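Structure below is my_file_13.txt: compact mmCIF, C-alpha atoms.
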```txt
# COMPACT_ATOMS: atom_id res chain seq x y z
CA MET A 1 0.00 0.00 0.00
CA LEU A 2 1.42 3.35 -1.02
CA GLU A 3 1.59 6.13 1.55
CA ILE A 4 2.26 9.76 0.72
CA VAL A 5 2.86 12.42 3.38
CA THR A 6 3.38 16.07 2.49
CA ARG A 7 4.82 18.66 4.87
CA GLU A 8 6.26 22.16 4.59
CA LYS A 9 9.81 23.06 5.63
CA ASP A 10 11.88 26.14 4.76
CA LYS A 11 9.39 27.18 2.03
CA ALA A 12 9.71 23.74 0.46
CA SER A 13 6.96 21.15 0.11
CA ILE A 14 8.44 17.82 1.07
CA VAL A 15 6.61 14.80 -0.33
CA SER A 16 7.55 11.54 1.39
CA ILE A 17 6.50 8.42 -0.49
CA SER A 18 6.49 4.91 1.02
CA GLY A 19 5.88 1.74 -0.99
CA ASP A 20 6.09 0.62 -4.60
CA VAL A 21 5.33 3.12 -7.36
CA ASP A 22 3.86 1.33 -10.38
CA LEU A 23 0.99 1.61 -12.85
CA TYR A 24 -1.46 0.96 -10.01
CA SER A 25 -0.11 3.45 -7.50
CA SER A 26 1.48 6.19 -9.65
CA PRO A 27 -1.85 8.06 -10.13
CA GLN A 28 -1.75 8.74 -6.35
CA VAL A 29 1.74 10.20 -6.66
CA ARG A 30 0.70 12.23 -9.69
CA LYS A 31 -2.26 13.69 -7.83
CA VAL A 32 0.03 15.03 -5.08
CA ILE A 33 2.95 16.21 -7.25
CA ILE A 34 0.83 17.81 -9.97
CA GLY A 35 -1.44 19.26 -7.27
CA LEU A 36 1.60 21.10 -5.88
CA THR A 37 2.82 22.33 -9.27
CA GLU A 38 -0.69 23.50 -10.19
CA ARG A 39 -0.58 25.63 -7.04
CA LYS A 40 2.88 26.80 -8.20
CA ALA A 41 4.71 25.51 -5.13
CA PRO A 42 8.16 27.17 -5.37
CA VAL A 43 10.12 24.10 -4.23
CA VAL A 44 8.96 20.48 -4.30
CA VAL A 45 11.31 17.97 -2.67
CA VAL A 46 10.41 14.31 -3.19
CA ASP A 47 11.64 11.90 -0.53
CA LEU A 48 12.17 8.45 -2.11
CA GLN A 49 13.96 6.76 0.80
CA ALA A 50 11.08 4.34 1.38
CA VAL A 51 10.38 3.56 -2.27
CA GLY A 52 11.76 0.11 -3.01
CA TYR A 53 10.43 -0.08 -6.53
CA MET A 54 9.54 2.43 -9.23
CA ASP A 55 8.58 1.74 -12.84
CA SER A 56 8.31 4.03 -15.86
CA SER A 57 4.88 5.30 -14.80
CA GLY A 58 6.45 6.68 -11.61
CA ILE A 59 9.33 8.18 -13.59
CA ALA A 60 6.83 9.74 -16.01
CA THR A 61 4.98 11.36 -13.11
CA LEU A 62 8.20 12.93 -11.81
CA VAL A 63 9.19 14.11 -15.31
CA GLU A 64 5.77 15.74 -15.65
CA GLY A 65 6.20 17.44 -12.26
CA LEU A 66 9.68 18.66 -13.20
CA GLN A 67 8.43 20.11 -16.47
CA GLN A 68 5.42 21.76 -14.83
CA ALA A 69 7.62 23.32 -12.12
CA GLY A 70 10.04 24.55 -14.79
CA LYS A 71 7.27 26.52 -16.46
CA TYR A 72 6.95 28.86 -13.46
CA LYS A 73 10.66 28.72 -12.45
CA GLY A 74 9.89 26.37 -9.59
CA GLU A 75 12.22 23.59 -8.46
CA LEU A 76 11.63 19.87 -8.12
CA LYS A 77 14.32 17.88 -6.35
CA LEU A 78 14.67 14.25 -5.33
CA PHE A 79 16.54 12.62 -2.47
CA GLY A 80 17.11 9.23 -0.86
CA LEU A 81 16.94 7.06 -3.97
CA THR A 82 17.36 3.36 -3.20
CA ALA A 83 19.71 1.36 -5.47
CA ALA A 84 16.80 -0.16 -7.43
CA VAL A 85 15.14 3.21 -8.03
CA ARG A 86 18.41 4.90 -8.93
CA GLU A 87 19.04 2.22 -11.54
CA VAL A 88 15.72 2.99 -13.27
CA PHE A 89 16.72 6.67 -13.46
CA GLU A 90 20.12 5.69 -14.87
CA LEU A 91 18.63 3.29 -17.43
CA SER A 92 16.26 6.08 -18.52
CA ARG A 93 19.20 8.52 -18.60
CA LEU A 94 17.24 10.84 -16.33
CA ASP A 95 19.74 10.80 -13.47
CA LYS A 96 21.39 13.86 -15.02
CA VAL A 97 18.09 15.62 -15.75
CA PHE A 98 16.82 15.64 -12.16
CA GLN A 99 18.54 17.27 -9.20
CA ILE A 100 19.18 14.22 -7.01
CA TYR A 101 20.58 14.40 -3.47
CA GLN A 102 21.51 11.91 -0.78
CA THR A 103 19.66 13.63 2.06
CA GLU A 104 16.82 16.03 2.73
CA GLU A 105 19.29 18.47 4.24
CA ALA A 106 21.41 18.49 1.06
CA ALA A 107 18.30 18.94 -1.12
CA LEU A 108 17.09 21.90 0.97
CA LYS A 109 20.55 23.43 1.05
CA SER A 110 20.62 23.50 -2.76
CA VAL A 111 17.39 25.50 -3.12
CA GLY A 112 17.90 28.50 -5.39
CA LYS A 113 21.42 27.43 -6.35
CA ASN A 114 20.75 25.35 -9.46
CA ASN A 115 18.59 27.69 -11.54
CA MET B 116 14.58 -42.75 -33.71
CA ASN B 117 14.77 -44.53 -30.32
CA GLU B 118 13.03 -43.21 -27.14
CA ALA B 119 16.14 -41.54 -25.76
CA SER B 120 16.91 -39.66 -28.93
CA LYS B 121 13.21 -38.68 -29.30
CA ARG B 122 13.29 -37.13 -25.81
CA LYS B 123 16.53 -35.39 -26.61
CA HIS B 124 15.14 -34.03 -29.87
CA SER B 125 11.89 -32.77 -28.33
CA ASN B 126 13.60 -31.02 -25.41
CA MET B 127 16.64 -29.47 -26.96
CA GLU B 128 14.89 -26.94 -29.23
CA GLY B 129 18.02 -26.48 -31.30
CA SER B 130 20.36 -26.23 -28.32
CA SER B 131 23.35 -28.48 -27.80
CA ALA B 132 22.87 -28.30 -24.01
CA PRO B 133 22.31 -31.60 -22.23
CA LEU B 134 18.83 -32.56 -21.02
CA ARG B 135 17.91 -31.22 -17.59
CA ALA B 136 14.81 -30.68 -15.49
CA GLN B 137 13.21 -27.33 -16.32
CA GLU B 138 10.89 -25.81 -13.78
CA THR B 139 7.96 -23.92 -15.33
CA VAL B 140 5.58 -21.66 -13.41
CA GLN B 141 2.53 -19.96 -14.88
CA PHE B 142 0.56 -16.97 -13.61
CA ARG B 143 -2.88 -16.37 -15.09
CA VAL B 144 -3.98 -12.96 -13.93
CA SER B 145 -6.47 -10.28 -14.88
CA SER B 146 -5.25 -7.12 -16.57
CA ASP B 147 -5.76 -5.15 -13.38
CA PRO B 148 -2.78 -2.96 -12.38
CA LYS B 149 -3.17 -4.11 -8.77
CA MET B 150 -1.96 -7.56 -9.93
CA LEU B 151 1.45 -6.16 -10.94
CA LYS B 152 2.83 -6.34 -7.42
CA ILE B 153 1.89 -10.01 -7.18
CA ILE B 154 3.57 -10.77 -10.52
CA ARG B 155 6.70 -8.91 -9.41
CA ALA B 156 6.85 -10.89 -6.17
CA GLY B 157 6.59 -14.18 -8.07
CA ILE B 158 9.25 -13.15 -10.58
CA ALA B 159 11.55 -12.06 -7.74
CA HIS B 160 11.30 -15.47 -6.04
CA LEU B 161 11.95 -17.30 -9.32
CA CYS B 162 14.97 -15.08 -10.03
CA ASP B 163 16.30 -15.98 -6.58
CA LEU B 164 15.90 -19.68 -7.44
CA THR B 165 17.90 -19.03 -10.61
CA GLY B 166 20.70 -17.58 -8.51
CA PHE B 167 20.44 -14.08 -9.92
CA ALA B 168 22.23 -11.25 -8.11
CA PRO B 169 19.86 -8.61 -6.64
CA GLU B 170 20.56 -6.26 -9.57
CA GLN B 171 19.62 -8.95 -12.12
CA ARG B 172 16.51 -9.82 -10.13
CA ASN B 173 15.42 -6.15 -10.02
CA GLN B 174 16.03 -5.74 -13.75
CA THR B 175 13.95 -8.82 -14.56
CA MET B 176 11.11 -7.65 -12.30
CA LEU B 177 11.20 -4.25 -13.98
CA ALA B 178 11.08 -5.69 -17.49
CA VAL B 179 8.14 -8.00 -16.70
CA ASP B 180 6.29 -5.19 -14.90
CA GLU B 181 6.81 -2.82 -17.85
CA ALA B 182 5.68 -5.49 -20.31
CA CYS B 183 2.51 -6.22 -18.29
CA SER B 184 1.84 -2.48 -17.95
CA ASN B 185 2.09 -2.10 -21.73
CA ILE B 186 -0.34 -4.99 -22.22
CA ILE B 187 -2.82 -3.33 -19.84
CA LYS B 188 -2.42 0.16 -21.38
CA TYR B 189 -2.16 -0.64 -25.07
CA ALA B 190 -3.25 -4.22 -25.91
CA TYR B 191 -6.27 -3.99 -23.57
CA ASP B 192 -6.83 -0.20 -23.61
CA GLY B 193 -6.94 -0.10 -19.81
CA GLN B 194 -9.61 -2.81 -19.43
CA THR B 195 -8.98 -4.56 -16.13
CA ASP B 196 -10.84 -7.84 -16.70
CA ARG B 197 -8.84 -9.35 -19.57
CA LEU B 198 -6.39 -12.26 -19.31
CA ILE B 199 -2.62 -12.03 -19.08
CA ILE B 200 -0.64 -15.28 -18.96
CA VAL B 201 2.91 -15.07 -17.66
CA THR B 202 4.88 -18.30 -18.16
CA VAL B 203 8.26 -18.45 -16.48
CA ARG B 204 10.76 -21.15 -17.32
CA LEU B 205 13.99 -21.65 -15.45
CA ILE B 206 16.53 -22.41 -18.12
CA GLU B 207 20.02 -23.78 -17.69
CA ASN B 208 21.73 -20.46 -17.05
CA GLY B 209 18.92 -17.99 -16.57
CA ILE B 210 15.24 -17.38 -16.95
CA GLN B 211 12.80 -17.13 -19.84
CA ILE B 212 9.46 -15.37 -19.46
CA LYS B 213 6.64 -15.46 -21.98
CA LEU B 214 3.83 -12.92 -21.72
CA ARG B 215 0.66 -13.71 -23.61
CA ASP B 216 -2.24 -11.34 -24.19
CA PHE B 217 -5.35 -11.55 -26.31
CA GLY B 218 -5.72 -7.87 -27.12
CA LYS B 219 -4.78 -5.49 -29.93
CA LYS B 220 -1.73 -6.39 -31.97
CA ALA B 221 1.43 -4.39 -31.20
CA ASP B 222 2.63 -2.65 -34.37
CA GLU B 223 6.29 -2.45 -35.38
CA ASP B 224 6.64 1.28 -34.59
CA PHE B 225 5.13 0.88 -31.17
CA ILE B 226 7.61 -1.73 -29.98
CA LYS B 227 10.64 0.38 -30.94
CA PRO B 228 12.27 2.20 -28.01
CA ARG B 229 11.96 5.99 -28.18
CA ASP B 230 14.73 8.60 -28.35
CA LEU B 231 15.88 9.25 -24.77
CA ASP B 232 17.10 12.74 -25.62
CA ASP B 233 13.46 13.67 -26.02
CA ILE B 234 12.70 14.23 -22.35
CA ARG B 235 9.00 13.78 -21.79
CA PRO B 236 6.71 11.74 -19.58
CA GLY B 237 5.90 8.28 -20.91
CA GLY B 238 7.18 5.93 -23.58
CA LEU B 239 10.09 4.58 -21.52
CA GLY B 240 8.72 1.07 -20.98
CA VAL B 241 10.04 -0.50 -24.20
CA HIS B 242 13.46 1.06 -23.63
CA LEU B 243 13.60 -0.33 -20.08
CA ILE B 244 12.60 -3.81 -21.27
CA ARG B 245 15.23 -3.84 -24.01
CA SER B 246 17.99 -2.44 -21.83
CA THR B 247 17.47 -4.88 -18.97
CA MET B 248 16.91 -8.17 -20.80
CA ASP B 249 19.39 -10.17 -22.90
CA ALA B 250 16.84 -11.17 -25.54
CA VAL B 251 13.43 -9.73 -26.40
CA SER B 252 11.12 -11.00 -29.13
CA TYR B 253 7.57 -10.13 -30.08
CA THR B 254 5.25 -12.48 -31.90
CA ASN B 255 1.95 -11.35 -33.37
CA LEU B 256 -0.45 -14.26 -33.04
CA LYS B 257 -3.82 -14.86 -34.66
CA GLN B 258 -5.34 -13.47 -31.50
CA GLY B 259 -3.15 -11.13 -29.45
CA ASN B 260 0.59 -11.06 -28.86
CA ARG B 261 3.37 -13.01 -27.23
CA LEU B 262 6.45 -11.34 -25.82
CA THR B 263 9.41 -13.52 -24.89
CA LEU B 264 12.02 -12.15 -22.50
CA THR B 265 15.25 -13.96 -21.66
CA LYS B 266 17.87 -13.06 -19.08
CA TYR B 267 21.02 -15.01 -18.37
CA ASN B 268 22.78 -15.37 -15.07
CA ARG B 269 25.89 -13.21 -15.43
CA SER B 270 27.63 -14.77 -12.44
CA VAL B 271 27.37 -18.19 -14.15
CA HIS B 272 28.94 -16.77 -17.31
CA ALA B 273 31.66 -15.00 -15.30
CA GLY B 274 32.37 -18.23 -13.39
CA ASN B 275 32.70 -20.17 -16.63
CA ARG B 276 35.12 -17.62 -18.02
CA ASP B 277 37.28 -17.81 -14.90
CA THR B 278 37.71 -21.58 -15.06
```

Take the structure I supplied and represent it as structure tokens, if you would.
Amino acid sequence: MLEIVTREKDKASIVSISGDVDLYSSPQVRKVIIGLTERKAPVVVVDLQAVGYMDSSGIATLVEGLQQAGKYKGELKLFGLTAAVREVFELSRLDKVFQIYQTEEAALKSVGKNN
Amino acid sequence: MNEASKRKHSNMEGSSAPLRAQETVQFRVSSDPKMLKIIRAGIAHLCDLTGFAPEQRNQTMLAVDEACSNIIKYAYDGQTDRLIIVTVRLIENGIQIKLRDFGKKADEDFIKPRDLDDIRPGGLGVHLIRSTMDAVSYTNLKQGNRLTLTKYNRSVHAGNRDT
């Protein structure tokens, strides 16, 4: 069962996801991420520490969020990728497209520095 | 042809490998996305039986998941009550997975991976399948499609090279 918790910290919206992100569960992730970008959240930080599996539907949701945020000069950052999830980003060659950090602290520290 | 050579002929399928017991497991599931997790769990256990490293197991799970997702989205247009048959065979040095659907035929353009420089949501599934499996083949059948995925155990190959 997928769980998504959103909280605010240092003007950033931190979205913590727990569980597998696949064709069944990715619409839940999309609802939250796209909900934030529709409200033009300045910084969206996605916590993937508890995501053991992600398929292309999850990746597509994050790409959509990144592109939506880019339209209003917002930022979308990721942190805590597990080895399996990181490999999917690498296979898709998206590991260089996203801003990916090890920790929440590092992701928050980078806000405003990569634009 | 005597009995022994008949058995050898019927089991070898063109391979020069010796006869051996081949475990086959079949999942018959509905085209409901909630079944994907169950299929992944089954594939993971079978990969462990094959002796795959965690990375190989994850890659195989990903490829099967992406293939089933494509069946649900494209062959069955999102209908959740159609049949998907996943047949897994443990082969001598790896695993072979056949995915059968009874939906729309996949056309040649559709099963080509897309350009990764074109960064956009969607369309990554075929690329992920092709980049994680050692062999991928599509067969258009009279009714539906069959996708055959094969992955070999790299540690077995590495071990053979070292000896």

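The residue that comes closest to chain A, out of B:Gln141, B:Gln211, B:Thr195, B:Ser246 and on the basis of all atoms listed in the file, is B:Ser246.
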
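Within 9 Å of chain B, counting only C-alpha atoms, chain A contributes Asp20, Asp22, Leu23, Tyr24, Ser25, Tyr53, Met54, Asp55, Ser56, Ser57, Ile59, Ala60, Thr61, Leu62, Val63, Glu64, Gln67, Ala83, Ala84, Glu87, Val88, Leu91, Ser92, Arg93, Leu94 and Val97 of chain A.
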
Legend entry - 10 Å contact set for Tyr267 of chain B, only C-alpha atoms, chain neighbours under 6 positions out, as a PyMOL selection string: chain B and resi 165+167+171+206-211+248-250

Legend entry - Point-to-point distance from atom CA of Ile186 of chain B to atom CA of Glu138 of chain B, Å rounded to tenths: 25.1 Å

Do a neighbour search on Thr82 of chain A at 7 Å with only C-alpha atoms, toss out local chain neighbours closer than 2 positions, and write the hits as a PDB file with C-alpha atoms, keeping the file's coordinate frame.
```pdb
ATOM      1  CA  GLN A  49      13.960   6.760   0.800  1.00  0.00           C
ATOM      2  CA  GLY A  52      11.760   0.110  -3.010  1.00  0.00           C
ATOM      3  CA  GLY A  80      17.110   9.230  -0.860  1.00  0.00           C
ATOM      4  CA  ALA A  84      16.800  -0.160  -7.430  1.00  0.00           C
ATOM      5  CA  VAL A  85      15.140   3.210  -8.030  1.00  0.00           C
ATOM      6  CA  ARG A  86      18.410   4.900  -8.930  1.00  0.00           C
TER       7      ARG A  86
END
```

Legend entry - 10 Å contact set for Ala69 of chain A, all atoms listed in the file, chain neighbours under 6 positions out, as number ranges by chain: A: 33-34, 36-44, 63, 75-76

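Across the model, the gap from atom CA of Ser18 of chain A to atom CA of Lys113 of chain A is 28.0 Å.
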
Legend entry - For Ile244 of chain B, the nearest of the candidates B:His160, B:Lys257, B:Lys266, B:Lys219, counting all atoms listed in the file: B:Lys266

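For the pair atom CA of Thr265 of chain B and atom CA of Val140 of chain B, the separation is 14.9 Å.
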
Legend entry - Close residues, Val5 of chain A itself excluded, 7 Å, all atoms listed in the file, min 4 positions apart in chain, as a ChimeraX atom specification: /A:15-17

Since the input lacks atoms, please generate N, CA, C and O atoms for segment 202-222 of chain B and provide them as a compact mmCIF listing (two decimals), keeping the file's coordinate frame.
```txt
# COMPACT_ATOMS: atom_id res chain seq x y z
N THR B 202 4.29 -16.96 -18.32
CA THR B 202 4.88 -18.30 -18.16
C THR B 202 6.38 -18.14 -17.97
O THR B 202 7.06 -17.56 -18.81
N VAL B 203 6.84 -18.62 -16.83
CA VAL B 203 8.26 -18.45 -16.48
C VAL B 203 8.93 -19.82 -16.51
O VAL B 203 8.44 -20.77 -15.91
N ARG B 204 10.03 -19.88 -17.22
CA ARG B 204 10.76 -21.15 -17.32
C ARG B 204 12.19 -20.92 -16.83
O ARG B 204 12.86 -19.98 -17.30
N LEU B 205 12.59 -21.74 -15.89
CA LEU B 205 13.99 -21.65 -15.45
C LEU B 205 14.82 -22.44 -16.45
O LEU B 205 14.61 -23.64 -16.62
N ILE B 206 15.69 -21.75 -17.14
CA ILE B 206 16.53 -22.41 -18.12
C ILE B 206 17.91 -22.68 -17.52
O ILE B 206 18.16 -22.31 -16.38
N GLU B 207 18.76 -23.31 -18.26
CA GLU B 207 20.02 -23.78 -17.69
C GLU B 207 20.82 -22.67 -17.00
O GLU B 207 21.33 -22.86 -15.91
N ASN B 208 20.90 -21.52 -17.62
CA ASN B 208 21.73 -20.46 -17.05
C ASN B 208 20.98 -19.14 -16.97
O ASN B 208 21.54 -18.08 -17.20
N GLY B 209 19.70 -19.22 -16.67
CA GLY B 209 18.92 -17.99 -16.57
C GLY B 209 17.43 -18.25 -16.49
O GLY B 209 16.99 -19.26 -15.97
N ILE B 210 16.68 -17.31 -17.06
CA ILE B 210 15.24 -17.38 -16.95
C ILE B 210 14.61 -16.91 -18.26
O ILE B 210 15.15 -16.00 -18.91
N GLN B 211 13.52 -17.56 -18.63
CA GLN B 211 12.80 -17.13 -19.84
C GLN B 211 11.34 -16.90 -19.45
O GLN B 211 10.73 -17.73 -18.79
N ILE B 212 10.83 -15.75 -19.85
CA ILE B 212 9.46 -15.37 -19.46
C ILE B 212 8.66 -15.07 -20.72
O ILE B 212 9.09 -14.26 -21.55
N LYS B 213 7.52 -15.74 -20.84
CA LYS B 213 6.64 -15.46 -21.98
C LYS B 213 5.38 -14.79 -21.48
O LYS B 213 4.75 -15.26 -20.53
N LEU B 214 5.03 -13.66 -22.10
CA LEU B 214 3.83 -12.92 -21.72
C LEU B 214 2.84 -12.98 -22.87
O LEU B 214 3.16 -12.58 -23.99
N ARG B 215 1.67 -13.51 -22.57
CA ARG B 215 0.66 -13.71 -23.61
C ARG B 215 -0.53 -12.82 -23.31
O ARG B 215 -1.03 -12.77 -22.17
N ASP B 216 -0.99 -12.09 -24.34
CA ASP B 216 -2.24 -11.34 -24.19
C ASP B 216 -3.13 -11.66 -25.37
O ASP B 216 -2.69 -12.28 -26.35
N PHE B 217 -4.37 -11.25 -25.27
CA PHE B 217 -5.35 -11.55 -26.31
C PHE B 217 -6.00 -10.25 -26.79
O PHE B 217 -7.17 -10.21 -27.15
N GLY B 218 -5.20 -9.19 -26.76
CA GLY B 218 -5.72 -7.87 -27.12
C GLY B 218 -5.24 -7.41 -28.49
O GLY B 218 -4.92 -8.23 -29.36
N LYS B 219 -5.19 -6.09 -28.65
CA LYS B 219 -4.78 -5.49 -29.93
C LYS B 219 -3.34 -5.86 -30.27
O LYS B 219 -2.49 -5.95 -29.38
N LYS B 220 -3.08 -6.03 -31.55
CA LYS B 220 -1.73 -6.39 -31.97
C LYS B 220 -0.80 -5.18 -31.82
O LYS B 220 -1.18 -4.06 -32.13
N ALA B 221 0.42 -5.45 -31.32
CA ALA B 221 1.43 -4.39 -31.20
C ALA B 221 2.02 -4.15 -32.59
O ALA B 221 2.43 -5.10 -33.25
N ASP B 222 2.03 -2.88 -33.05
CA ASP B 222 2.63 -2.65 -34.37
C ASP B 222 4.13 -2.39 -34.22
O ASP B 222 4.64 -2.10 -33.14
```
